[in-house]
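A.B. asks: Quick one, work33.txt (compact mmCIF, C-alpha atoms):
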```txt
# COMPACT_ATOMS: atom_id res chain seq x y z
CA MET A 180 251.13 129.21 213.02
CA ASP A 181 247.61 127.82 213.18
CA VAL A 182 244.46 129.94 213.18
CA TYR A 183 243.84 129.56 216.92
CA ASN A 184 247.35 130.79 217.86
CA CYS A 185 247.06 133.64 215.39
CA TYR A 186 243.74 134.62 217.01
CA GLN A 187 245.27 134.47 220.51
CA LEU A 188 248.24 136.58 219.44
CA THR A 189 245.97 139.19 217.84
CA ARG A 190 243.81 139.25 220.97
CA PHE A 191 246.92 139.68 223.14
CA TYR A 192 248.16 142.65 221.05
CA PHE A 193 244.72 144.23 221.18
CA LEU A 194 244.67 143.95 224.99
CA VAL A 195 248.18 145.40 225.28
CA ILE A 196 247.29 148.35 223.03
CA THR A 197 244.03 148.96 224.89
CA TRP A 198 245.77 148.73 228.28
CA THR A 199 248.59 151.09 227.31
CA SER A 200 246.16 153.65 225.90
CA PHE A 201 244.72 154.01 229.42
CA ILE A 202 248.14 154.35 231.03
CA PHE A 203 249.77 156.78 228.59
CA THR A 204 247.53 159.82 228.54
CA ALA A 205 248.49 163.28 227.41
CA GLU A 206 251.08 164.93 229.58
CA SER A 207 250.29 168.57 230.17
CA ALA A 208 253.04 170.98 229.17
CA CYS A 209 250.64 173.86 229.37
CA THR A 210 250.20 176.77 231.73
CA PHE A 211 246.99 178.78 231.89
CA PRO A 212 247.21 182.42 232.95
CA SER A 213 245.45 183.00 236.28
CA TYR A 214 242.68 185.11 234.68
CA LEU A 215 241.63 182.11 232.53
CA LEU A 216 241.05 179.71 235.43
CA GLY A 217 237.49 179.10 236.52
CA GLN A 218 234.10 178.96 234.84
CA TRP A 219 233.11 180.79 231.67
CA THR A 220 230.02 180.90 229.52
CA ASP A 221 230.82 180.04 225.92
CA VAL A 222 228.25 182.19 224.12
CA THR A 223 228.53 180.22 220.85
CA GLN A 224 228.07 176.80 222.45
CA SER A 225 225.66 178.04 225.14
CA ALA A 226 227.71 176.02 227.60
CA THR A 227 229.68 176.48 230.80
CA ILE A 228 233.39 175.95 230.13
CA THR A 229 235.81 175.34 233.00
CA PHE A 230 239.57 175.85 232.83
CA GLN A 231 241.51 174.15 235.63
CA SER A 232 245.25 174.21 236.31
CA THR A 233 246.21 170.79 237.71
CA PRO A 234 246.16 169.10 235.32
CA ALA A 235 245.62 171.83 232.72
CA LYS A 236 242.21 170.85 231.37
CA MET A 237 239.14 172.35 229.81
CA THR A 238 235.76 170.76 230.45
CA GLY A 239 232.30 171.63 229.19
CA TRP A 240 233.37 172.31 225.59
CA THR A 241 231.88 169.64 223.36
CA ALA A 242 232.62 168.42 219.86
CA LEU A 243 230.40 166.21 217.72
CA ILE A 244 232.72 163.77 215.96
CA THR A 245 231.40 161.00 213.70
CA GLY A 246 228.00 161.64 215.29
CA GLU A 247 229.22 161.10 218.86
CA LYS A 248 229.49 163.85 221.49
CA PHE A 249 232.96 164.33 223.03
CA GLU A 250 233.80 166.46 226.04
CA GLY A 251 236.98 166.98 228.03
CA GLN A 252 240.28 168.15 226.66
CA THR A 253 243.76 168.25 228.19
CA CYS A 254 245.99 171.17 227.32
CA ILE A 255 249.22 169.71 225.94
CA HIS A 256 251.03 172.84 224.69
CA ASN A 257 250.81 176.56 224.74
CA THR A 258 252.79 179.35 223.21
CA GLY A 259 251.66 182.69 224.64
CA ASN A 260 247.89 182.87 224.26
CA VAL A 261 247.64 179.94 221.82
CA PHE A 262 246.64 176.69 223.53
CA VAL A 263 246.56 173.16 222.08
CA PHE A 264 244.07 170.73 223.60
CA GLU A 265 244.00 166.99 223.01
CA GLY A 266 240.67 165.21 223.37
CA ASP A 267 240.52 162.94 226.41
CA ARG A 268 239.03 160.17 224.25
CA THR A 269 239.84 158.84 220.81
CA VAL A 270 237.31 158.38 218.05
CA PHE A 271 236.95 155.26 215.93
CA ASP A 272 235.78 155.74 212.37
CA PRO A 273 235.32 152.56 210.29
CA PHE A 274 236.83 154.24 207.24
CA LEU A 275 239.55 156.35 208.88
CA GLY A 276 240.50 154.20 211.88
CA THR A 277 241.24 155.55 215.36
CA LEU A 278 241.39 159.33 215.44
CA THR A 279 242.74 161.67 218.08
CA TYR A 280 241.29 165.16 217.99
CA TYR A 281 243.02 168.44 218.77
CA MET A 282 241.81 171.98 219.29
CA CYS A 283 244.08 174.93 218.76
CA MET A 284 242.61 177.96 220.55
CA LYS A 285 243.90 181.49 220.31
CA ILE A 286 242.42 183.23 223.38
CA THR A 287 242.46 187.01 223.74
CA LYS A 288 241.66 188.83 226.98
CA VAL A 289 239.38 191.84 226.63
CA SER A 290 238.76 192.36 230.37
CA ASP A 291 238.75 190.28 233.54
CA ASP A 292 235.24 189.11 232.61
CA VAL A 293 235.33 188.86 228.80
CA LEU A 294 237.57 186.90 226.44
CA TYR A 295 237.25 185.80 222.86
CA TYR A 296 238.84 182.95 220.98
CA TYR A 297 239.36 181.53 217.53
CA LEU A 298 239.88 177.87 216.68
CA LEU A 299 242.89 177.70 214.37
CA ALA A 300 242.13 174.79 212.05
CA ASP A 301 240.25 174.07 208.86
CA ARG A 302 236.62 173.01 209.06
CA ASN A 303 236.53 169.27 209.61
CA GLY A 304 233.76 167.15 208.03
CA VAL A 305 234.39 164.30 210.49
CA ALA A 306 233.73 166.77 213.31
CA ASP A 307 230.45 168.30 212.11
CA ASN A 308 232.42 171.11 210.37
CA GLU A 309 233.97 172.26 213.64
CA ARG A 310 237.45 173.80 213.38
CA ILE A 311 239.35 170.95 215.03
CA TYR A 312 242.16 168.76 213.78
CA THR A 313 241.81 164.97 213.75
CA ALA A 314 244.89 162.82 213.33
CA ASN A 315 244.97 159.13 212.41
CA GLN A 316 248.29 158.82 214.17
CA ALA A 317 248.67 160.93 217.30
CA PRO A 318 251.68 163.24 217.01
CA ASP A 319 254.52 162.86 219.53
CA ILE A 320 253.53 165.43 222.16
CA SER A 321 257.09 165.83 223.42
CA SER A 322 258.48 166.89 220.04
CA THR A 323 255.57 168.43 218.12
CA PRO A 324 255.51 172.23 218.46
CA THR A 325 252.31 174.18 219.08
CA CYS A 326 252.22 175.61 215.57
CA ASP A 327 252.05 172.13 213.99
CA TYR A 328 248.61 171.63 215.54
CA CYS A 329 247.46 175.07 214.41
CA GLN A 330 247.72 174.75 210.66
CA PHE A 331 244.93 175.76 208.35
CA THR A 332 244.57 176.52 204.66
CA GLN A 333 241.10 178.03 204.75
CA THR A 334 240.55 181.66 205.66
CA ILE A 335 239.14 181.99 209.17
CA PRO A 336 236.55 184.77 208.99
CA ASP A 337 236.13 187.26 211.83
CA THR A 338 232.60 185.89 212.30
CA ASP A 339 234.15 182.65 213.62
CA ARG A 340 235.19 184.54 216.76
CA ARG A 341 233.68 183.05 219.91
CA GLU A 342 233.00 184.92 223.12
CA LEU A 343 233.68 183.71 226.66
CA ARG A 344 232.10 185.52 229.60
CA LYS A 345 233.07 184.92 233.22
CA LEU A 346 230.20 182.98 234.78
CA GLY A 347 227.76 185.43 236.36
CA THR A 348 228.96 188.58 234.57
CA SER A 349 226.68 190.83 232.57
CA GLU A 350 229.59 192.35 230.64
CA LYS A 351 229.66 191.61 226.91
CA LEU A 352 232.13 191.95 224.08
CA THR A 353 231.49 195.48 222.82
CA SER A 354 234.04 195.80 220.03
CA ASP A 355 234.32 193.77 216.85
CA PRO A 356 237.91 192.45 216.99
CA SER A 357 239.45 190.59 214.09
CA LEU A 358 241.80 187.62 214.05
CA CYS A 359 245.40 188.77 214.29
CA LEU A 360 248.02 186.20 213.39
CA PRO A 361 251.76 186.71 213.85
```
Take the structure in the file and give it back as structure tokens.
C.D. replies:
Amino acid sequence: MDVYNCYQLTRFYFLVITWTSFIFTAESACTFPSYLLGQWTDVTQSATITFQSTPAKMTGWTALITGEKFEGQTCIHNTGNVFVFEGDRTVFDPFLGTLTYYMCMKITKVSDDVLYYYLLADRNGVADNERIYTANQAPDISSTPTCDYCQFTQTIPDTDRRELRKLGTSEKLTSDPSLCLP
């Protein structure tokens, strides 16, 4: 095969991969409880977070990955109050390749207006030390259980708890709950 044909074949494969990445997005196998839907203030991020049901998405939560700001996550799994979100965009790192990022959130309801959550992952240097998981090869969503996205080896201190307040409420988290894992 000559150089020109090799170039054309490589270009063709690149276009096919790029095209299919737009068609095959994360399927949502996730159900949010009704109290979670709507707008919340994430006290830690000083941002408005929105949970919507169709498709199950979270917007407003941002992650800084390889110096670039990413927003928008689709919920791909949940088991009880543990939700796995896949970033709506992939990240390219020249040393690591294309990365897909995942957030594993354990959300606990305190009242109708106050929740708190923990991110169940190790701190990630690629993601500005945020507790998110980046994978070089995206796991098969249909066969990867929730707990596989929520693995961590580092201790998650109680101070990593993050508070969500229903938009417009003056109620605050009054207790000092700790992370409870099954």
A.B. asks: Pick from A:Thr241, A:Gln330, A:Thr287, A:Thr348: nearest to A:Asp267, with all atoms listed in the file counted?
C.D. replies: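 For A:Asp267, the nearest of the given residues is A:Thr241.
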A.B. asks: Of the candidates A:Glu309, A:Asp291, A:Lys248, A:Val263, which shows the shortest atom-to-atom distance to A:Arg344, using all atoms listed in the file?
C.D. replies: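 When distances to A:Arg344 are compared using all atoms listed in the file, the smallest one comes from A:Asp291.
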A.B. asks: Could you check how far atom CA of A:Thr220 sits from atom CA of A:Asp292, in Å to one decimal?
C.D. replies: 10.2 Å
A.B. asks: Using all atoms listed in the file, which of A:Thr227, A:Thr258, A:Ser357, A:Asn303 sits nearest A:Thr210?
C.D. replies: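 Of A:Thr227, A:Thr258, A:Ser357, A:Asn303, the one nearest A:Thr210, counting all atoms listed in the file, is A:Thr258.
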A.B. asks: In Å, rounded to a single decimal, give me how far atom CA of A:Glu350 is from atom CA of A:Thr253.
C.D. replies: 28.1 Å
A.B. asks: One number please: atom CA of A:Pro273 to atom CA of A:Ile255, in Å, one decimal.
C.D. replies: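 So the two atoms, atom CA of A:Pro273 and atom CA of A:Ile255, lie 27.1 Å apart.
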A.B. asks: Within 12 Å of stretch 233-237 of chain A, counting only C-alpha atoms, which residues show up once you throw out same-chain ones fewer than 3 positions away? Write them as a PyMOL selection string, please.
C.D. replies: chain A and resi 204-213+215-219+221+227-230+240-241+250-257+262-267+282+284
A.B. asks: With a distance cut-off of 12 Å and only C-alpha atoms, select the neighbouring residues of A:Thr223, excluding the residue or stretch itself and same-chain residues fewer than 6 positions from it, and output the selection as a PyMOL selection string.
C.D. replies: chain A and resi 240-241+295-297+338-344
A.B. asks: Output C-alpha atoms of each residue in that selection to a file, as a short mmCIF file (atom, residue, chain, number, x, y, z; two decimals), in the frame of the given file.
C.D. replies:
```cif
data_model
loop_
_atom_site.label_atom_id
_atom_site.label_comp_id
_atom_site.auth_asym_id
_atom_site.auth_seq_id
_atom_site.Cartn_x
_atom_site.Cartn_y
_atom_site.Cartn_z
CA TRP A 240 233.37 172.31 225.59
CA THR A 241 231.88 169.64 223.36
CA TYR A 295 237.25 185.80 222.86
CA TYR A 296 238.84 182.95 220.98
CA TYR A 297 239.36 181.53 217.53
CA THR A 338 232.60 185.89 212.30
CA ASP A 339 234.15 182.65 213.62
CA ARG A 340 235.19 184.54 216.76
CA ARG A 341 233.68 183.05 219.91
CA GLU A 342 233.00 184.92 223.12
CA LEU A 343 233.68 183.71 226.66
CA ARG A 344 232.10 185.52 229.60
#
```
A.B. asks: Between A:Asp301, A:Asp319, A:Asp355, A:Asp307, which has the minimum distance to A:Ile335 (counting all atoms listed in the file)?
C.D. replies: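 Smallest distance to A:Ile335 is found for A:Asp301.
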A.B. asks: Between A:Gln224, A:Thr313, A:Cys359, A:Lys351, which is the closest to A:Val289 once you count all atoms listed in the file?
C.D. replies: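 Answer, going by the shortest atom-to-atom distance: A:Lys351.
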A.B. asks: Go through A:Gly246, A:Val270, A:Ala226, A:Asn260 one by one, measure the shortest atom-to-atom distance of each to A:Ala317 using all atoms listed in the file, and give the residue with the smallest value.
C.D. replies: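 For A:Ala317, the nearest of the candidates is A:Val270.
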A.B. asks: Taking 4 positions as the minimum chain separation for residues in the same chain, which residues sit within 8 Å of A:Ala306 when counting all atoms listed in the file? Answer as a list in words.
C.D. replies: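 Selected residues are Ala242, Leu243, Ile244, Thr245, Gly246, Arg310 and Ile311 of chain A.
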A.B. asks: Please produce stretch 211-222 of chain A, completed to all heavy atoms, as a PDB file, in the frame of the given file.
C.D. replies:
```
ATOM      1  N   PHE A 211     248.034 177.780 232.112  1.00  0.00           N
ATOM      2  CA  PHE A 211     246.990 178.780 231.890  1.00  0.00           C
ATOM      3  C   PHE A 211     247.316 180.031 232.703  1.00  0.00           C
ATOM      4  O   PHE A 211     247.749 179.928 233.856  1.00  0.00           O
ATOM      5  CB  PHE A 211     245.629 178.266 232.353  1.00  0.00           C
ATOM      6  CG  PHE A 211     245.069 177.135 231.546  1.00  0.00           C
ATOM      7  CD1 PHE A 211     244.447 176.070 232.171  1.00  0.00           C
ATOM      8  CD2 PHE A 211     245.122 177.128 230.166  1.00  0.00           C
ATOM      9  CE1 PHE A 211     243.907 175.019 231.458  1.00  0.00           C
ATOM     10  CE2 PHE A 211     244.590 176.083 229.422  1.00  0.00           C
ATOM     11  CZ  PHE A 211     243.976 175.038 230.073  1.00  0.00           C
ATOM     12  N   PRO A 212     247.087 181.212 232.134  1.00  0.00           N
ATOM     13  CA  PRO A 212     247.210 182.420 232.950  1.00  0.00           C
ATOM     14  C   PRO A 212     246.125 182.417 234.030  1.00  0.00           C
ATOM     15  O   PRO A 212     245.058 181.829 233.836  1.00  0.00           O
ATOM     16  CB  PRO A 212     247.003 183.558 231.942  1.00  0.00           C
ATOM     17  CG  PRO A 212     246.336 182.935 230.766  1.00  0.00           C
ATOM     18  CD  PRO A 212     246.683 181.485 230.764  1.00  0.00           C
ATOM     19  N   SER A 213     246.384 183.055 235.144  1.00  0.00           N
ATOM     20  CA  SER A 213     245.450 183.000 236.280  1.00  0.00           C
ATOM     21  C   SER A 213     244.062 183.539 235.908  1.00  0.00           C
ATOM     22  O   SER A 213     243.062 183.025 236.396  1.00  0.00           O
ATOM     23  CB  SER A 213     246.009 183.768 237.469  1.00  0.00           C
ATOM     24  OG  SER A 213     246.244 185.113 237.117  1.00  0.00           O
ATOM     25  N   TYR A 214     243.986 184.553 235.038  1.00  0.00           N
ATOM     26  CA  TYR A 214     242.680 185.110 234.680  1.00  0.00           C
ATOM     27  C   TYR A 214     241.792 184.108 233.933  1.00  0.00           C
ATOM     28  O   TYR A 214     240.577 184.229 233.918  1.00  0.00           O
ATOM     29  CB  TYR A 214     242.813 186.405 233.864  1.00  0.00           C
ATOM     30  CG  TYR A 214     243.400 186.215 232.479  1.00  0.00           C
ATOM     31  CD1 TYR A 214     242.620 185.776 231.410  1.00  0.00           C
ATOM     32  CD2 TYR A 214     244.738 186.481 232.231  1.00  0.00           C
ATOM     33  CE1 TYR A 214     243.166 185.598 230.148  1.00  0.00           C
ATOM     34  CE2 TYR A 214     245.287 186.314 230.973  1.00  0.00           C
ATOM     35  CZ  TYR A 214     244.495 185.876 229.935  1.00  0.00           C
ATOM     36  OH  TYR A 214     245.038 185.709 228.683  1.00  0.00           O
ATOM     37  N   LEU A 215     242.392 183.082 233.318  1.00  0.00           N
ATOM     38  CA  LEU A 215     241.630 182.110 232.530  1.00  0.00           C
ATOM     39  C   LEU A 215     240.985 181.034 233.402  1.00  0.00           C
ATOM     40  O   LEU A 215     239.965 180.452 233.024  1.00  0.00           O
ATOM     41  CB  LEU A 215     242.546 181.466 231.488  1.00  0.00           C
ATOM     42  CG  LEU A 215     241.908 180.548 230.454  1.00  0.00           C
ATOM     43  CD1 LEU A 215     240.819 181.263 229.672  1.00  0.00           C
ATOM     44  CD2 LEU A 215     242.977 180.022 229.513  1.00  0.00           C
ATOM     45  N   LEU A 216     241.550 180.783 234.567  1.00  0.00           N
ATOM     46  CA  LEU A 216     241.050 179.710 235.430  1.00  0.00           C
ATOM     47  C   LEU A 216     239.640 180.007 235.927  1.00  0.00           C
ATOM     48  O   LEU A 216     239.289 181.153 236.200  1.00  0.00           O
ATOM     49  CB  LEU A 216     241.988 179.511 236.619  1.00  0.00           C
ATOM     50  CG  LEU A 216     243.407 179.081 236.247  1.00  0.00           C
ATOM     51  CD1 LEU A 216     244.294 179.073 237.482  1.00  0.00           C
ATOM     52  CD2 LEU A 216     243.414 177.744 235.551  1.00  0.00           C
ATOM     53  N   GLY A 217     238.849 178.959 236.017  1.00  0.00           N
ATOM     54  CA  GLY A 217     237.490 179.100 236.520  1.00  0.00           C
ATOM     55  C   GLY A 217     236.452 178.801 235.455  1.00  0.00           C
ATOM     56  O   GLY A 217     236.744 178.168 234.438  1.00  0.00           O
ATOM     57  N   GLN A 218     235.235 179.265 235.717  1.00  0.00           N
ATOM     58  CA  GLN A 218     234.100 178.960 234.840  1.00  0.00           C
ATOM     59  C   GLN A 218     233.748 180.140 233.948  1.00  0.00           C
ATOM     60  O   GLN A 218     233.708 181.295 234.402  1.00  0.00           O
ATOM     61  CB  GLN A 218     232.894 178.557 235.666  1.00  0.00           C
ATOM     62  CG  GLN A 218     233.100 177.247 236.404  1.00  0.00           C
ATOM     63  CD  GLN A 218     231.842 176.803 237.098  1.00  0.00           C
ATOM     64  OE1 GLN A 218     231.196 177.595 237.780  1.00  0.00           O
ATOM     65  NE2 GLN A 218     231.486 175.536 236.926  1.00  0.00           N
ATOM     66  N   TRP A 219     233.458 179.805 232.692  1.00  0.00           N
ATOM     67  CA  TRP A 219     233.110 180.790 231.670  1.00  0.00           C
ATOM     68  C   TRP A 219     231.884 180.301 230.916  1.00  0.00           C
ATOM     69  O   TRP A 219     231.671 179.104 230.768  1.00  0.00           O
ATOM     70  CB  TRP A 219     234.263 180.952 230.674  1.00  0.00           C
ATOM     71  CG  TRP A 219     235.510 181.474 231.294  1.00  0.00           C
ATOM     72  CD1 TRP A 219     236.479 180.762 231.957  1.00  0.00           C
ATOM     73  CD2 TRP A 219     235.935 182.833 231.331  1.00  0.00           C
ATOM     74  NE1 TRP A 219     237.468 181.592 232.392  1.00  0.00           N
ATOM     75  CE2 TRP A 219     237.161 182.872 232.020  1.00  0.00           C
ATOM     76  CE3 TRP A 219     235.403 184.019 230.843  1.00  0.00           C
ATOM     77  CZ2 TRP A 219     237.857 184.058 232.240  1.00  0.00           C
ATOM     78  CZ3 TRP A 219     236.095 185.202 231.051  1.00  0.00           C
ATOM     79  CH2 TRP A 219     237.306 185.216 231.741  1.00  0.00           C
ATOM     80  N   THR A 220     231.112 181.248 230.416  1.00  0.00           N
ATOM     81  CA  THR A 220     230.020 180.900 229.520  1.00  0.00           C
ATOM     82  C   THR A 220     230.520 181.072 228.096  1.00  0.00           C
ATOM     83  O   THR A 220     230.968 182.147 227.714  1.00  0.00           O
ATOM     84  CB  THR A 220     228.795 181.823 229.743  1.00  0.00           C
ATOM     85  OG1 THR A 220     228.354 181.667 231.084  1.00  0.00           O
ATOM     86  CG2 THR A 220     227.670 181.481 228.775  1.00  0.00           C
ATOM     87  N   ASP A 221     230.481 179.986 227.337  1.00  0.00           N
ATOM     88  CA  ASP A 221     230.820 180.040 225.920  1.00  0.00           C
ATOM     89  C   ASP A 221     229.528 180.421 225.198  1.00  0.00           C
ATOM     90  O   ASP A 221     228.590 179.627 225.125  1.00  0.00           O
ATOM     91  CB  ASP A 221     231.333 178.684 225.430  1.00  0.00           C
ATOM     92  CG  ASP A 221     231.825 178.732 223.998  1.00  0.00           C
ATOM     93  OD1 ASP A 221     231.155 179.351 223.146  1.00  0.00           O
ATOM     94  OD2 ASP A 221     232.880 178.133 223.718  1.00  0.00           O
ATOM     95  N   VAL A 222     229.471 181.655 224.710  1.00  0.00           N
ATOM     96  CA  VAL A 222     228.250 182.190 224.120  1.00  0.00           C
ATOM     97  C   VAL A 222     227.852 181.385 222.883  1.00  0.00           C
ATOM     98  O   VAL A 222     226.671 181.100 222.669  1.00  0.00           O
ATOM     99  CB  VAL A 222     228.421 183.692 223.781  1.00  0.00           C
ATOM    100  CG1 VAL A 222     227.202 184.247 223.077  1.00  0.00           C
ATOM    101  CG2 VAL A 222     228.718 184.475 225.056  1.00  0.00           C
TER     102      VAL A 222
END
```
